[in-house]
Amino acid sequence: MSEVVNLLFKTNALRVSPEDNPFWYTSGKLGPYFVNTHFLYGGEEKANDLLSIIDAEKDNIFDCPKIVFDEAMKTYNSDEDFKKLIGIMMDYINTNIDLSEITYISGGERRDWFFSIPIANLLGISHITIYKDLKTVVSDSEFTETKEVTDLDNAKVLHIADLITVASSYERAWVPAIKALNANMVSSVVVVDRLQGGEGILANLGVASHSLVNIDKDLFNKAEQQELITSKQKNMILDYIDEPDVAMKTFIQNHPDFLPSQLNSPNPKSAEKARLCIESKFYE
């Protein structure tokens, strides 16, 4: 776990705010950390470059898997952090998943592919590429041939992803897409579980949920031990994990100048979020 925690911080896949300046979330609420697990793909710039490539190619459903494979393997062979992370994931899979029962590895559009495609290749297992509209194509492990398949004869599938929150993508798309192929998603392995109920949803869907790390108190205690965050940052996060709204309301009460300064921020997004926060009365 410590290696993964270190990689999360090193690549900015997990960012912790200064104790006196929490992050604005899209909702207009405040919080002390951001998780962008796909940044493990060699950092933010490389990750965004691959997302741009996927966006340009994803309508070509038969060509896209090979294009992503070529790009991902370039990064795997050139970026030591990404290579290390993939190695850790493969060690976890070999230890915790009976691969003799797995015929296919699947990944869903878009960020899952950063991890599912290279791992399928390295394990020598065919890959099911799932698109958001539930279209699917199957590639051999070398990604030399990609084709449409309608019946996988009750095969067992391992899904690999970057992150799980409430498992909405699994429920809406990934599991139904696999079922439509007459196959069964039996397990899911992700880098990060945000512990927002996804594991229970997957259990109801008949999928065993696995993660390398959980966003919990233990992770941040380890981050402090590794001197990746300060004790003040850790304490703020632990309070937030216990009661998010109470923690951020307490922060605002203890920092009365924070919201006024944000309203007058030269960053228009910060000013907009501050207005949304005040208008929504989140912390009154």
# chains A, B, ... in the order shown; residues from 1 in each chain; ligands from 1
$ residues_around --residues "Lys74 of chain A" --least-positions-apart "3" --cutoff "12 Å" --atoms "only C-alpha atoms" --output "JSON, numbers by chain"
{"A": [41, 42, 46, 50, 67, 68, 69, 70, 71, 77, 78, 79, 80, 82, 83, 114, 118]}
$ write_last_selection --atoms "C-alpha atoms" --output "PDB file, in the first residue's frame"
ATOM      1  CA  TYR A  41      -0.334   7.365 -16.198  1.00  0.00           C
ATOM      2  CA  GLY A  42       2.934   9.280 -16.110  1.00  0.00           C
ATOM      3  CA  LYS A  46       0.504  12.433 -20.354  1.00  0.00           C
ATOM      4  CA  LEU A  50      -4.156  10.097 -23.883  1.00  0.00           C
ATOM      5  CA  ILE A  67      -4.377   3.058 -30.808  1.00  0.00           C
ATOM      6  CA  VAL A  68      -4.771   3.192 -27.018  1.00  0.00           C
ATOM      7  CA  PHE A  69      -2.680   0.025 -26.664  1.00  0.00           C
ATOM      8  CA  ASP A  70       0.174   1.509 -28.698  1.00  0.00           C
ATOM      9  CA  GLU A  71       0.149   4.728 -26.663  1.00  0.00           C
ATOM     10  CA  ASN A  77       8.088   1.269 -21.477  1.00  0.00           C
ATOM     11  CA  SER A  78       9.261   4.841 -20.864  1.00  0.00           C
ATOM     12  CA  ASP A  79       7.730   5.921 -17.536  1.00  0.00           C
ATOM     13  CA  GLU A  80       9.015   4.125 -14.456  1.00  0.00           C
ATOM     14  CA  PHE A  82       3.441   3.947 -14.555  1.00  0.00           C
ATOM     15  CA  LYS A  83       5.387   0.728 -15.087  1.00  0.00           C
ATOM     16  CA  PHE A 114      -5.283   3.334 -19.225  1.00  0.00           C
ATOM     17  CA  PRO A 118      -1.802  -2.819 -20.956  1.00  0.00           C
TER      18      PRO A 118
END
$ residues_around --residues "Ile241 of chain A" --least-positions-apart "3" --cutoff "8 Å" --atoms "only C-alpha atoms" --output "list in words"
Asp216, Lys217, Ile237, Leu238 and Pro244 of chain A
$ atom_distance --atom1 "atom CA of Glu142 of chain A" --atom2 "atom CA of Met90 of chain A"
17.0 Å
$ select_by_dssp --residues "segment 46-179 of chain A" --states "alpha helix (DSSP H)" --output "PyMOL selection string"
chain A and resi 46-57+64-78+80-96+113-123+168-169+175-179
$ atom_distance --atom1 "atom CA of Phe282 of chain A" --atom2 "atom CA of Asp245 of chain A"
7.7 Å
$ residues_around --residues "segment 266-272 of chain A" --least-positions-apart "2" --cutoff "12 Å" --atoms "only C-alpha atoms" --output "PyMOL selection string"
chain A and resi 21-30+258-264+274-279
$ residues_around --residues "segment 125-135 of chain A" --least-positions-apart "3" --cutoff "7 Å" --atoms "only C-alpha atoms" --output "JSON, numbers by chain"
{"A": [65, 103, 104, 105, 106, 107, 108, 109, 117, 120, 121, 138, 139, 140, 141, 173, 174, 177]}
$ select_by_dssp --residues "segment 67-157 of chain A" --states "strand (DSSP E or B)" --output "PyMOL selection string"
chain A and resi 104-108+126-130+136-139+146-147+155-157
$ write_last_selection --atoms "N, CA and C atoms" --output "mmCIF file, in the first residue's frame"
data_model
loop_
_atom_site.group_PDB
_atom_site.id
_atom_site.type_symbol
_atom_site.label_atom_id
_atom_site.label_comp_id
_atom_site.auth_asym_id
_atom_site.auth_seq_id
_atom_site.Cartn_x
_atom_site.Cartn_y
_atom_site.Cartn_z
ATOM 1 N N TYR A 104 -11.534 -13.206 -20.205
ATOM 2 C CA TYR A 104 -11.427 -11.849 -20.754
ATOM 3 C C TYR A 104 -11.180 -10.845 -19.642
ATOM 4 N N ILE A 105 -10.478 -9.776 -19.995
ATOM 5 C CA ILE A 105 -10.371 -8.573 -19.166
ATOM 6 C C ILE A 105 -11.167 -7.479 -19.859
ATOM 7 N N SER A 106 -11.935 -6.718 -19.102
ATOM 8 C CA SER A 106 -12.713 -5.624 -19.691
ATOM 9 C C SER A 106 -12.308 -4.297 -19.084
ATOM 10 N N GLY A 107 -12.567 -3.235 -19.841
ATOM 11 C CA GLY A 107 -12.358 -1.873 -19.370
ATOM 12 C C GLY A 107 -13.359 -0.962 -20.051
ATOM 13 N N GLY A 108 -13.832 0.039 -19.311
ATOM 14 C CA GLY A 108 -14.863 0.926 -19.831
ATOM 15 C C GLY A 108 -14.321 2.293 -20.202
ATOM 16 N N SER A 126 -7.360 -11.799 -23.617
ATOM 17 C CA SER A 126 -8.112 -10.963 -24.559
ATOM 18 C C SER A 126 -8.854 -9.859 -23.815
ATOM 19 N N HIS A 127 -9.072 -8.740 -24.516
ATOM 20 C CA HIS A 127 -9.634 -7.539 -23.892
ATOM 21 C C HIS A 127 -10.969 -7.174 -24.518
ATOM 22 N N ILE A 128 -11.940 -6.875 -23.654
ATOM 23 C CA ILE A 128 -13.237 -6.355 -24.095
ATOM 24 C C ILE A 128 -13.237 -4.851 -23.851
ATOM 25 N N THR A 129 -13.324 -4.080 -24.919
ATOM 26 C CA THR A 129 -13.409 -2.626 -24.816
ATOM 27 C C THR A 129 -14.876 -2.238 -24.794
ATOM 28 N N ILE A 130 -15.294 -1.584 -23.711
ATOM 29 C CA ILE A 130 -16.694 -1.183 -23.545
ATOM 30 C C ILE A 130 -16.797 0.326 -23.727
ATOM 31 N N THR A 136 -19.489 -2.892 -27.694
ATOM 32 C CA THR A 136 -18.313 -3.618 -27.245
ATOM 33 C C THR A 136 -17.572 -4.206 -28.430
ATOM 34 N N VAL A 137 -16.244 -4.270 -28.292
ATOM 35 C CA VAL A 137 -15.418 -4.997 -29.251
ATOM 36 C C VAL A 137 -14.417 -5.822 -28.457
ATOM 37 N N VAL A 138 -13.964 -6.911 -29.066
ATOM 38 C CA VAL A 138 -13.033 -7.821 -28.406
ATOM 39 C C VAL A 138 -11.727 -7.853 -29.192
ATOM 40 N N SER A 139 -10.611 -7.688 -28.473
ATOM 41 C CA SER A 139 -9.282 -7.724 -29.082
ATOM 42 C C SER A 139 -8.495 -8.889 -28.496
ATOM 43 N N THR A 146 -9.227 -6.851 -33.750
ATOM 44 C CA THR A 146 -10.355 -6.400 -32.941
ATOM 45 C C THR A 146 -11.631 -6.636 -33.728
ATOM 46 N N LYS A 147 -12.596 -7.279 -33.096
ATOM 47 C CA LYS A 147 -13.825 -7.628 -33.811
ATOM 48 C C LYS A 147 -15.031 -7.517 -32.888
ATOM 49 N N ALA A 155 -18.567 -16.835 -20.585
ATOM 50 C CA ALA A 155 -17.194 -16.636 -20.118
ATOM 51 C C ALA A 155 -17.166 -15.750 -18.874
ATOM 52 N N LYS A 156 -16.110 -15.909 -18.067
ATOM 53 C CA LYS A 156 -15.908 -15.080 -16.884
ATOM 54 C C LYS A 156 -14.966 -13.926 -17.219
ATOM 55 N N VAL A 157 -15.319 -12.749 -16.716
ATOM 56 C CA VAL A 157 -14.620 -11.523 -17.086
ATOM 57 C C VAL A 157 -14.124 -10.814 -15.827
#
$ closest_residue --among "A:Met185, A:Lys66, A:Ile201, A:Glu284" --to "Gln253 of chain A" --atoms "only C-alpha atoms"
A:Glu284
$ closest_residue --among "A:Asn182, A:Gln233, A:Ser188, A:Gln226" --to "Glu19 of chain A" --atoms "only C-alpha atoms"
A:Gln233
$ closest_residue --among "A:Asn235, A:Phe220, A:Ala47, A:Thr165" --to "Arg15 of chain A" --atoms "only C-alpha atoms"
A:Phe220
$ atom_distance --atom1 "atom CA of Leu7 of chain A" --atom2 "atom CA of Asp112 of chain A"
17.7 Å
$ residues_around --residues "Val207 of chain A" --least-positions-apart "5" --cutoff "10 Å" --atoms "only C-alpha atoms" --output "PDB file with N, CA and C atoms, in the first residue's frame"
ATOM      1  N   VAL A 157     -15.319 -12.749 -16.716  1.00  0.00           N
ATOM      2  CA  VAL A 157     -14.620 -11.523 -17.086  1.00  0.00           C
ATOM      3  C   VAL A 157     -14.124 -10.814 -15.827  1.00  0.00           C
ATOM      4  N   LEU A 158     -12.895 -10.311 -15.909  1.00  0.00           N
ATOM      5  CA  LEU A 158     -12.320  -9.446 -14.880  1.00  0.00           C
ATOM      6  C   LEU A 158     -12.315  -8.016 -15.403  1.00  0.00           C
ATOM      7  N   HIS A 159     -12.959  -7.105 -14.683  1.00  0.00           N
ATOM      8  CA  HIS A 159     -12.972  -5.695 -15.080  1.00  0.00           C
ATOM      9  C   HIS A 159     -11.866  -4.957 -14.334  1.00  0.00           C
ATOM     10  N   TYR A 170     -20.648   0.975 -13.572  1.00  0.00           N
ATOM     11  CA  TYR A 170     -20.827  -0.480 -13.584  1.00  0.00           C
ATOM     12  C   TYR A 170     -22.302  -0.828 -13.731  1.00  0.00           C
ATOM     13  N   VAL A 175     -21.526  -3.665 -16.472  1.00  0.00           N
ATOM     14  CA  VAL A 175     -22.086  -4.999 -16.208  1.00  0.00           C
ATOM     15  C   VAL A 175     -23.146  -5.373 -17.249  1.00  0.00           C
ATOM     16  N   ASN A 184     -20.077 -13.102 -17.888  1.00  0.00           N
ATOM     17  CA  ASN A 184     -20.293 -12.700 -16.500  1.00  0.00           C
ATOM     18  C   ASN A 184     -19.080 -11.970 -15.953  1.00  0.00           C
ATOM     19  N   MET A 185     -19.304 -10.726 -15.520  1.00  0.00           N
ATOM     20  CA  MET A 185     -18.247 -10.008 -14.817  1.00  0.00           C
ATOM     21  C   MET A 185     -18.218 -10.543 -13.395  1.00  0.00           C
ATOM     22  N   VAL A 186     -17.130 -11.238 -13.052  1.00  0.00           N
ATOM     23  CA  VAL A 186     -17.073 -11.882 -11.740  1.00  0.00           C
ATOM     24  C   VAL A 186     -16.263 -11.074 -10.734  1.00  0.00           C
ATOM     25  N   SER A 187     -15.331 -10.243 -11.225  1.00  0.00           N
ATOM     26  CA  SER A 187     -14.484  -9.468 -10.321  1.00  0.00           C
ATOM     27  C   SER A 187     -14.143  -8.120 -10.942  1.00  0.00           C
ATOM     28  N   SER A 188     -13.849  -7.177 -10.070  1.00  0.00           N
ATOM     29  CA  SER A 188     -13.379  -5.854 -10.480  1.00  0.00           C
ATOM     30  C   SER A 188     -12.159  -5.512  -9.640  1.00  0.00           C
ATOM     31  N   GLU A 199     -18.599  -0.826  -3.469  1.00  0.00           N
ATOM     32  CA  GLU A 199     -18.393  -2.250  -3.207  1.00  0.00           C
ATOM     33  C   GLU A 199     -19.719  -2.965  -2.984  1.00  0.00           C
ATOM     34  N   GLY A 200     -20.628  -2.328  -2.237  1.00  0.00           N
ATOM     35  CA  GLY A 200     -21.930  -2.936  -1.991  1.00  0.00           C
ATOM     36  C   GLY A 200     -22.769  -3.053  -3.248  1.00  0.00           C
ATOM     37  N   ILE A 201     -22.710  -2.028  -4.091  1.00  0.00           N
ATOM     38  CA  ILE A 201     -23.432  -2.083  -5.362  1.00  0.00           C
ATOM     39  C   ILE A 201     -22.916  -3.239  -6.214  1.00  0.00           C
ATOM     40  N   LEU A 202     -21.581  -3.378  -6.280  1.00  0.00           N
ATOM     41  CA  LEU A 202     -21.005  -4.473  -7.062  1.00  0.00           C
ATOM     42  C   LEU A 202     -21.414  -5.825  -6.479  1.00  0.00           C
TER      43      LEU A 202
END
$ residues_around --residues "Lys10 of chain A" --least-positions-apart "5" --cutoff "12 Å" --atoms "only C-alpha atoms" --output "NGL selection string"
:A and (3-5 or 15-16 or 37 or 39-44 or 80-82 or 85 or 223 or 226 or 228-229)
$ closest_residue --among "A:Leu163, A:Glu171, A:Ser52, A:Ile215" --to "Ala203 of chain A" --atoms "only C-alpha atoms"
A:Glu171
$ residues_around --residues "Asn214 of chain A" --least-positions-apart "2" --cutoff "6 Å" --atoms "only C-alpha atoms" --output "ChimeraX atom specification"
/A:192-194,216
$ write_last_selection --atoms "N, CA and C atoms" --output "short mmCIF file (atom, residue, chain, number, x, y, z; two decimals), in the first residue's frame"
data_model
loop_
_atom_site.label_atom_id
_atom_site.label_comp_id
_atom_site.auth_asym_id
_atom_site.auth_seq_id
_atom_site.Cartn_x
_atom_site.Cartn_y
_atom_site.Cartn_z
N VAL A 192 -8.11 2.67 -6.83
CA VAL A 192 -8.61 3.42 -5.67
C VAL A 192 -10.10 3.19 -5.50
N ASP A 193 -10.51 2.86 -4.28
CA ASP A 193 -11.92 2.83 -3.89
C ASP A 193 -12.16 4.02 -2.97
N ARG A 194 -13.08 4.90 -3.36
CA ARG A 194 -13.37 6.08 -2.55
C ARG A 194 -14.30 5.78 -1.37
N ASP A 216 -9.31 6.35 2.92
CA ASP A 216 -9.76 6.23 4.30
C ASP A 216 -8.69 6.82 5.24
#
